[in-house]
There are 2 protein chains.
Amino acid sequence: MADIPAFGLPPNLRSLGRHVHLDLYDCPTARLVAPADSRQILLRAAEKMGATIISEHFHAFNPHGVSGVVIIAESHLTVHTWPEHGYAAVDVFSCGHLNLDAGIQELKSGYRAGRSDLRAFDRGWINSGPPGH
Amino acid sequence: MADIPAFGLPPNLRSLGRHVHLDLYDCPTARLVAPADSRQILLRAAEKMGATIISEHFHAFNPHGVSGVVIIAESHLTVHTWPEHGYAAVDVFSCGHLNLDAGIQELKSGYRAGRSDLRAFDRGWINSGPPGH
């Protein structure tokens with residue numbers, strides 16, 4: 001993804017992180033029920049992005065569904081699945097120079113999503129000094 | 001926060017989760033450097049929201065900064081801090097009936113934010129059956 005052009009923003013403002021919401025619909029139920037599958041998908045996405053993995057935690061819920069997080073040196077990936085709705089809510093928050101596109105492709109294909117909705121947000125606007133510095 | 005009115009959406013669509021981005025600026029550096037402080041702030045916010053805590057993981061980064069996550073039965077809270085910029089990026093993702101306002105107030109006061117920016121998003125749109133059912 002290209003950087004969002006900062007139309008109308010002072011030229012010395014920059015953002016510290018980019019946050020991607022990736023909503024995956026029409027996923028096969030079988031991809032959404034096992035924590036081990038979500039773990040593999042998120043770790044592989046982190047690897048494709050070039051992220052440095054710090055820790056990872058995945059939980060199964062009763063009666064079904066998975067919640068998981070991978071903390072990376074560049075921020076985090078999270079997932080929550082609703083197998084009964086074929087839906088997974090994935091987040092990728094990064095503050096480094098990662099290959100987000102590669103990670104997102106891996107997430108879509110890993111969950112075998114029939115369709116997806118992606119929204120990207122820049123967060124943490126700071127003054128980086130006088131323009132040109 | 002009131003529910004977002006679903007203007008223009010079919011009446012049988014509903015969302016599975018609500019995701020809040022809480023960007024906290026002008027926080028004292030001392031609140032942002034210790035994982036133990038972020039842990040206390042996020043756990044207290046989860047408690048105020050009425051969430052059920054499943055697991056929590058906090059890390060310090062070199063030379064400074066904290067990343068943390070609290071997985072709750074209703075989804076998650078995360079934080080990333082930039083002490084050098086007085087900034088913390090907090091997320092609250094919930095799929096249950098939680099008191100988000102109480103949690104957000106706790107997060108703002110816990111980090112002693114001088115100003116904050118909050119954005120809320122509904123995610124995971126599903127068809128909940130015929131209108132009225």
# chains A, B, ... in the order shown; residues from 1 in each chain; ligands from 1

$ closest_atom_pairs --of "region 12-103 of chain A" --to "region 13-17 of chain B" --cutoff "10 Å" --atoms "only C-alpha atoms" --output "JSON lines"
{"residue": "A:His80", "atom": "CA", "partner": "B:Gly17", "partner_atom": "CA", "distance": 9.7}
{"residue": "A:Trp82", "atom": "CA", "partner": "B:Leu16", "partner_atom": "CA", "distance": 8.7}
{"residue": "A:His85", "atom": "CA", "partner": "B:Leu16", "partner_atom": "CA", "distance": 9.4}
{"residue": "A:Tyr87", "atom": "CA", "partner": "B:Leu16", "partner_atom": "CA", "distance": 9.3}
{"residue": "A:Ala89", "atom": "CA", "partner": "B:Gly17", "partner_atom": "CA", "distance": 8.7}

$ write_last_selection --atoms "all heavy atoms" --output "compact mmCIF listing (two decimals), in the first residue's frame"
# COMPACT_ATOMS: atom_id res chain seq x y z
N HIS A 80 -9.61 -12.49 15.66
CA HIS A 80 -10.76 -13.09 16.35
C HIS A 80 -11.61 -13.74 15.27
O HIS A 80 -11.89 -13.11 14.25
CB HIS A 80 -11.57 -12.04 17.10
CG HIS A 80 -10.76 -11.28 18.09
ND1 HIS A 80 -10.37 -11.82 19.31
CD2 HIS A 80 -10.21 -10.05 18.04
CE1 HIS A 80 -9.63 -10.94 19.95
NE2 HIS A 80 -9.52 -9.86 19.22
N TRP A 82 -15.16 -15.97 14.09
CA TRP A 82 -16.54 -16.38 14.34
C TRP A 82 -16.86 -17.49 13.33
O TRP A 82 -17.39 -17.19 12.25
CB TRP A 82 -17.50 -15.21 14.12
CG TRP A 82 -17.61 -14.20 15.22
CD1 TRP A 82 -18.63 -14.11 16.13
CD2 TRP A 82 -16.74 -13.10 15.53
NE1 TRP A 82 -18.44 -13.04 16.97
CE2 TRP A 82 -17.28 -12.40 16.64
CE3 TRP A 82 -15.52 -12.64 14.99
CZ2 TRP A 82 -16.68 -11.29 17.21
CZ3 TRP A 82 -14.92 -11.54 15.55
CH2 TRP A 82 -15.49 -10.88 16.64
N HIS A 85 -20.13 -17.69 11.53
CA HIS A 85 -20.44 -16.67 10.52
C HIS A 85 -19.40 -16.64 9.39
O HIS A 85 -19.45 -15.76 8.54
CB HIS A 85 -20.51 -15.29 11.17
CG HIS A 85 -21.62 -15.15 12.17
ND1 HIS A 85 -22.95 -15.28 11.82
CD2 HIS A 85 -21.61 -14.93 13.51
CE1 HIS A 85 -23.70 -15.13 12.91
NE2 HIS A 85 -22.91 -14.92 13.95
N TYR A 87 -16.41 -15.71 9.53
CA TYR A 87 -15.80 -14.38 9.59
C TYR A 87 -14.58 -14.35 10.53
O TYR A 87 -14.60 -14.98 11.60
CB TYR A 87 -16.84 -13.37 10.10
CG TYR A 87 -16.28 -12.01 10.46
CD1 TYR A 87 -15.83 -11.15 9.46
CD2 TYR A 87 -16.19 -11.59 11.77
CE1 TYR A 87 -15.30 -9.90 9.78
CE2 TYR A 87 -15.67 -10.35 12.11
CZ TYR A 87 -15.22 -9.51 11.10
OH TYR A 87 -14.70 -8.29 11.42
N ALA A 89 -11.84 -11.31 12.08
CA ALA A 89 -11.39 -9.91 12.19
C ALA A 89 -9.90 -9.93 12.47
O ALA A 89 -9.47 -10.40 13.53
CB ALA A 89 -12.13 -9.22 13.33

$ interface_residues --of "chain B" --to "chain A" --cutoff "9 Å" --atoms "only C-alpha atoms" --output "VMD selection string"
chain B and resid 16 to 17 21 23 to 25 54 to 55 57 59 61 67 to 69 71 to 73 75 to 76 78 to 80 82 85 87 to 89 123 to 126

$ atom_distance --atom1 "CA of His97 (chain B)" --atom2 "CA of Gly110 (chain B)"
22.7 Å

$ select_by_dssp --residues "chain B" --states "strand (DSSP E)" --output "PyMOL selection string"
chain B and resi 13-25+53-60+66-72+75-82+87-94+115-127

$ select_by_dssp --residues "chain B" --states "helix (DSSP H, G or I)" --output "PyMOL selection string"
chain B and resi 29-32+35-49+83-85+100-110

$ write_last_selection --atoms "C-alpha atoms" --output "compact mmCIF listing (two decimals), in the first residue's frame"
# COMPACT_ATOMS: atom_id res chain seq x y z
CA THR B 29 7.04 9.99 29.84
CA ALA B 30 7.09 8.29 33.24
CA ARG B 31 3.70 6.67 32.53
CA LEU B 32 4.91 5.15 29.25
CA PRO B 35 5.43 -2.52 31.35
CA ALA B 36 4.06 -2.83 34.91
CA ASP B 37 2.31 0.54 34.62
CA SER B 38 0.69 -0.29 31.27
CA ARG B 39 -0.31 -3.67 32.63
CA GLN B 40 -2.04 -2.06 35.60
CA ILE B 41 -3.78 0.55 33.43
CA LEU B 42 -5.11 -1.96 30.87
CA LEU B 43 -6.20 -4.52 33.46
CA ARG B 44 -8.01 -1.82 35.42
CA ALA B 45 -9.71 -0.60 32.22
CA ALA B 46 -10.77 -4.17 31.39
CA GLU B 47 -12.19 -4.52 34.87
CA LYS B 48 -14.11 -1.23 34.62
CA MET B 49 -15.57 -2.38 31.31
CA PRO B 83 7.73 7.57 25.55
CA GLU B 84 9.93 9.86 23.47
CA HIS B 85 6.77 11.33 21.89
CA LEU B 100 -16.64 0.93 26.85
CA ASP B 101 -17.02 4.46 28.20
CA ALA B 102 -15.82 3.42 31.65
CA GLY B 103 -12.81 1.62 30.17
CA ILE B 104 -11.87 4.58 27.98
CA GLN B 105 -12.03 7.01 30.90
CA GLU B 106 -9.74 4.70 32.87
CA LEU B 107 -7.25 4.54 29.98
CA LYS B 108 -7.17 8.32 29.55
CA SER B 109 -6.71 8.99 33.24
CA GLY B 110 -4.29 6.09 33.74

$ residues_around --residues "Leu98 (chain B)" --least-positions-apart "4" --cutoff "8 Å" --atoms "only C-alpha atoms" --output "ChimeraX atom specification"
/B:49-51,94

$ closest_residue --among "A:Arg18, A:Arg112, A:Leu118, A:Ala34" --to "Gly96 (chain A)" --atoms "only C-alpha atoms"
A:Arg18

$ decode --residues "region 17-62 of chain A" --atoms "N, CA and C atoms" --output "PDB file, in the first residue's frame"
ATOM      1  N   GLY A  17       2.547   5.079  13.366  1.00  0.00           N
ATOM      2  CA  GLY A  17       2.138   3.708  13.064  1.00  0.00           C
ATOM      3  C   GLY A  17       1.049   3.645  12.018  1.00  0.00           C
ATOM      4  N   ARG A  18       0.988   2.522  11.354  1.00  0.00           N
ATOM      5  CA  ARG A  18      -0.101   2.279  10.405  1.00  0.00           C
ATOM      6  C   ARG A  18      -0.885   1.069  10.889  1.00  0.00           C
ATOM      7  N   HIS A  19      -2.210   1.238  10.950  1.00  0.00           N
ATOM      8  CA  HIS A  19      -3.076   0.192  11.481  1.00  0.00           C
ATOM      9  C   HIS A  19      -4.013  -0.282  10.363  1.00  0.00           C
ATOM     10  N   VAL A  20      -3.980  -1.570  10.080  1.00  0.00           N
ATOM     11  CA  VAL A  20      -4.830  -2.150   9.044  1.00  0.00           C
ATOM     12  C   VAL A  20      -5.895  -3.029   9.693  1.00  0.00           C
ATOM     13  N   HIS A  21      -7.166  -2.765   9.364  1.00  0.00           N
ATOM     14  CA  HIS A  21      -8.274  -3.662   9.714  1.00  0.00           C
ATOM     15  C   HIS A  21      -8.518  -4.535   8.485  1.00  0.00           C
ATOM     16  N   LEU A  22      -8.407  -5.832   8.650  1.00  0.00           N
ATOM     17  CA  LEU A  22      -8.679  -6.750   7.547  1.00  0.00           C
ATOM     18  C   LEU A  22      -9.838  -7.650   7.982  1.00  0.00           C
ATOM     19  N   ASP A  23     -11.003  -7.421   7.386  1.00  0.00           N
ATOM     20  CA  ASP A  23     -12.196  -8.203   7.727  1.00  0.00           C
ATOM     21  C   ASP A  23     -12.384  -9.271   6.653  1.00  0.00           C
ATOM     22  N   LEU A  24     -12.330 -10.521   7.079  1.00  0.00           N
ATOM     23  CA  LEU A  24     -12.367 -11.642   6.142  1.00  0.00           C
ATOM     24  C   LEU A  24     -13.704 -12.370   6.253  1.00  0.00           C
ATOM     25  N   TYR A  25     -14.441 -12.391   5.154  1.00  0.00           N
ATOM     26  CA  TYR A  25     -15.771 -12.997   5.114  1.00  0.00           C
ATOM     27  C   TYR A  25     -15.747 -14.256   4.246  1.00  0.00           C
ATOM     28  N   ASP A  26     -16.783 -15.077   4.448  1.00  0.00           N
ATOM     29  CA  ASP A  26     -16.953 -16.285   3.630  1.00  0.00           C
ATOM     30  C   ASP A  26     -15.728 -17.197   3.714  1.00  0.00           C
ATOM     31  N   CYS A  27     -15.196 -17.331   4.924  1.00  0.00           N
ATOM     32  CA  CYS A  27     -14.096 -18.264   5.154  1.00  0.00           C
ATOM     33  C   CYS A  27     -14.707 -19.630   5.489  1.00  0.00           C
ATOM     34  N   PRO A  28     -14.064 -20.736   5.034  1.00  0.00           N
ATOM     35  CA  PRO A  28     -14.559 -22.065   5.429  1.00  0.00           C
ATOM     36  C   PRO A  28     -14.482 -22.222   6.950  1.00  0.00           C
ATOM     37  N   THR A  29     -15.527 -22.750   7.529  1.00  0.00           N
ATOM     38  CA  THR A  29     -15.572 -22.935   8.988  1.00  0.00           C
ATOM     39  C   THR A  29     -14.333 -23.661   9.503  1.00  0.00           C
ATOM     40  N   ALA A  30     -13.883 -24.644   8.733  1.00  0.00           N
ATOM     41  CA  ALA A  30     -12.760 -25.480   9.183  1.00  0.00           C
ATOM     42  C   ALA A  30     -11.481 -24.671   9.400  1.00  0.00           C
ATOM     43  N   ARG A  31     -11.354 -23.492   8.726  1.00  0.00           N
ATOM     44  CA  ARG A  31     -10.145 -22.674   8.901  1.00  0.00           C
ATOM     45  C   ARG A  31     -10.219 -21.828  10.168  1.00  0.00           C
ATOM     46  N   LEU A  32     -11.397 -21.752  10.787  1.00  0.00           N
ATOM     47  CA  LEU A  32     -11.634 -20.766  11.849  1.00  0.00           C
ATOM     48  C   LEU A  32     -11.737 -21.359  13.252  1.00  0.00           C
ATOM     49  N   VAL A  33     -11.727 -22.678  13.351  1.00  0.00           N
ATOM     50  CA  VAL A  33     -12.033 -23.296  14.648  1.00  0.00           C
ATOM     51  C   VAL A  33     -10.804 -23.677  15.480  1.00  0.00           C
ATOM     52  N   ALA A  34      -9.667 -23.921  14.828  1.00  0.00           N
ATOM     53  CA  ALA A  34      -8.503 -24.436  15.563  1.00  0.00           C
ATOM     54  C   ALA A  34      -7.483 -23.326  15.817  1.00  0.00           C
ATOM     55  N   PRO A  35      -7.121 -23.097  17.085  1.00  0.00           N
ATOM     56  CA  PRO A  35      -6.070 -22.113  17.372  1.00  0.00           C
ATOM     57  C   PRO A  35      -4.777 -22.402  16.600  1.00  0.00           C
ATOM     58  N   ALA A  36      -4.456 -23.668  16.387  1.00  0.00           N
ATOM     59  CA  ALA A  36      -3.211 -24.011  15.689  1.00  0.00           C
ATOM     60  C   ALA A  36      -3.214 -23.474  14.257  1.00  0.00           C
ATOM     61  N   ASP A  37      -4.377 -23.487  13.610  1.00  0.00           N
ATOM     62  CA  ASP A  37      -4.452 -22.966  12.239  1.00  0.00           C
ATOM     63  C   ASP A  37      -4.253 -21.451  12.225  1.00  0.00           C
ATOM     64  N   SER A  38      -4.935 -20.744  13.129  1.00  0.00           N
ATOM     65  CA  SER A  38      -4.765 -19.282  13.181  1.00  0.00           C
ATOM     66  C   SER A  38      -3.324 -18.922  13.534  1.00  0.00           C
ATOM     67  N   ARG A  39      -2.755 -19.695  14.438  1.00  0.00           N
ATOM     68  CA  ARG A  39      -1.357 -19.451  14.814  1.00  0.00           C
ATOM     69  C   ARG A  39      -0.447 -19.547  13.588  1.00  0.00           C
ATOM     70  N   GLN A  40      -0.642 -20.615  12.820  1.00  0.00           N
ATOM     71  CA  GLN A  40       0.205 -20.821  11.640  1.00  0.00           C
ATOM     72  C   GLN A  40       0.009 -19.687  10.618  1.00  0.00           C
ATOM     73  N   ILE A  41      -1.241 -19.288  10.425  1.00  0.00           N
ATOM     74  CA  ILE A  41      -1.537 -18.245   9.435  1.00  0.00           C
ATOM     75  C   ILE A  41      -0.920 -16.910   9.857  1.00  0.00           C
ATOM     76  N   LEU A  42      -1.096 -16.526  11.126  1.00  0.00           N
ATOM     77  CA  LEU A  42      -0.564 -15.229  11.564  1.00  0.00           C
ATOM     78  C   LEU A  42       0.966 -15.219  11.608  1.00  0.00           C
ATOM     79  N   LEU A  43       1.561 -16.328  12.046  1.00  0.00           N
ATOM     80  CA  LEU A  43       3.030 -16.368  12.094  1.00  0.00           C
ATOM     81  C   LEU A  43       3.611 -16.311  10.688  1.00  0.00           C
ATOM     82  N   ARG A  44       2.942 -16.984   9.759  1.00  0.00           N
ATOM     83  CA  ARG A  44       3.427 -16.961   8.375  1.00  0.00           C
ATOM     84  C   ARG A  44       3.272 -15.553   7.788  1.00  0.00           C
ATOM     85  N   ALA A  45       2.156 -14.890   8.108  1.00  0.00           N
ATOM     86  CA  ALA A  45       1.963 -13.513   7.631  1.00  0.00           C
ATOM     87  C   ALA A  45       3.040 -12.593   8.206  1.00  0.00           C
ATOM     88  N   ALA A  46       3.335 -12.756   9.502  1.00  0.00           N
ATOM     89  CA  ALA A  46       4.367 -11.920  10.137  1.00  0.00           C
ATOM     90  C   ALA A  46       5.717 -12.135   9.458  1.00  0.00           C
ATOM     91  N   GLU A  47       5.980 -13.386   9.136  1.00  0.00           N
ATOM     92  CA  GLU A  47       7.247 -13.724   8.474  1.00  0.00           C
ATOM     93  C   GLU A  47       7.312 -13.078   7.084  1.00  0.00           C
ATOM     94  N   LYS A  48       6.218 -13.174   6.329  1.00  0.00           N
ATOM     95  CA  LYS A  48       6.188 -12.594   4.971  1.00  0.00           C
ATOM     96  C   LYS A  48       6.357 -11.079   5.006  1.00  0.00           C
ATOM     97  N   MET A  49       5.872 -10.467   6.093  1.00  0.00           N
ATOM     98  CA  MET A  49       6.000  -9.018   6.226  1.00  0.00           C
ATOM     99  C   MET A  49       7.420  -8.606   6.604  1.00  0.00           C
ATOM    100  N   GLY A  50       8.197  -9.579   7.046  1.00  0.00           N
ATOM    101  CA  GLY A  50       9.544  -9.263   7.510  1.00  0.00           C
ATOM    102  C   GLY A  50       9.577  -8.795   8.947  1.00  0.00           C
ATOM    103  N   ALA A  51       8.557  -9.175   9.729  1.00  0.00           N
ATOM    104  CA  ALA A  51       8.467  -8.733  11.122  1.00  0.00           C
ATOM    105  C   ALA A  51       9.326  -9.595  12.048  1.00  0.00           C
ATOM    106  N   THR A  52       9.685  -9.023  13.176  1.00  0.00           N
ATOM    107  CA  THR A  52      10.433  -9.740  14.217  1.00  0.00           C
ATOM    108  C   THR A  52       9.453 -10.162  15.307  1.00  0.00           C
ATOM    109  N   ILE A  53       9.277 -11.469  15.466  1.00  0.00           N
ATOM    110  CA  ILE A  53       8.270 -11.981  16.403  1.00  0.00           C
ATOM    111  C   ILE A  53       8.813 -11.970  17.826  1.00  0.00           C
ATOM    112  N   ILE A  54       8.027 -11.371  18.730  1.00  0.00           N
ATOM    113  CA  ILE A  54       8.412 -11.279  20.150  1.00  0.00           C
ATOM    114  C   ILE A  54       7.693 -12.356  20.960  1.00  0.00           C
ATOM    115  N   SER A  55       6.385 -12.480  20.768  1.00  0.00           N
ATOM    116  CA  SER A  55       5.632 -13.511  21.484  1.00  0.00           C
ATOM    117  C   SER A  55       4.323 -13.751  20.752  1.00  0.00           C
ATOM    118  N   GLU A  56       3.676 -14.893  21.044  1.00  0.00           N
ATOM    119  CA  GLU A  56       2.400 -15.211  20.377  1.00  0.00           C
ATOM    120  C   GLU A  56       1.537 -16.008  21.336  1.00  0.00           C
ATOM    121  N   HIS A  57       0.231 -15.738  21.297  1.00  0.00           N
ATOM    122  CA  HIS A  57      -0.719 -16.301  22.260  1.00  0.00           C
ATOM    123  C   HIS A  57      -2.037 -16.552  21.544  1.00  0.00           C
ATOM    124  N   PHE A  58      -2.503 -17.795  21.579  1.00  0.00           N
ATOM    125  CA  PHE A  58      -3.743 -18.159  20.895  1.00  0.00           C
ATOM    126  C   PHE A  58      -4.643 -18.935  21.845  1.00  0.00           C
ATOM    127  N   HIS A  59      -5.944 -18.643  21.785  1.00  0.00           N
ATOM    128  CA  HIS A  59      -6.913 -19.270  22.678  1.00  0.00           C
ATOM    129  C   HIS A  59      -8.123 -19.753  21.893  1.00  0.00           C
ATOM    130  N   ALA A  60      -8.648 -20.908  22.297  1.00  0.00           N
ATOM    131  CA  ALA A  60      -9.922 -21.386  21.754  1.00  0.00           C
ATOM    132  C   ALA A  60     -11.028 -20.961  22.704  1.00  0.00           C
ATOM    133  N   PHE A  61     -12.164 -20.621  22.116  1.00  0.00           N
ATOM    134  CA  PHE A  61     -13.298 -20.255  22.954  1.00  0.00           C
ATOM    135  C   PHE A  61     -14.390 -21.313  22.897  1.00  0.00           C
ATOM    136  N   ASN A  62     -15.161 -21.373  23.936  1.00  0.00           N
ATOM    137  CA  ASN A  62     -16.261 -22.301  24.062  1.00  0.00           C
ATOM    138  C   ASN A  62     -17.555 -21.583  23.688  1.00  0.00           C
TER     139      ASN A  62
END
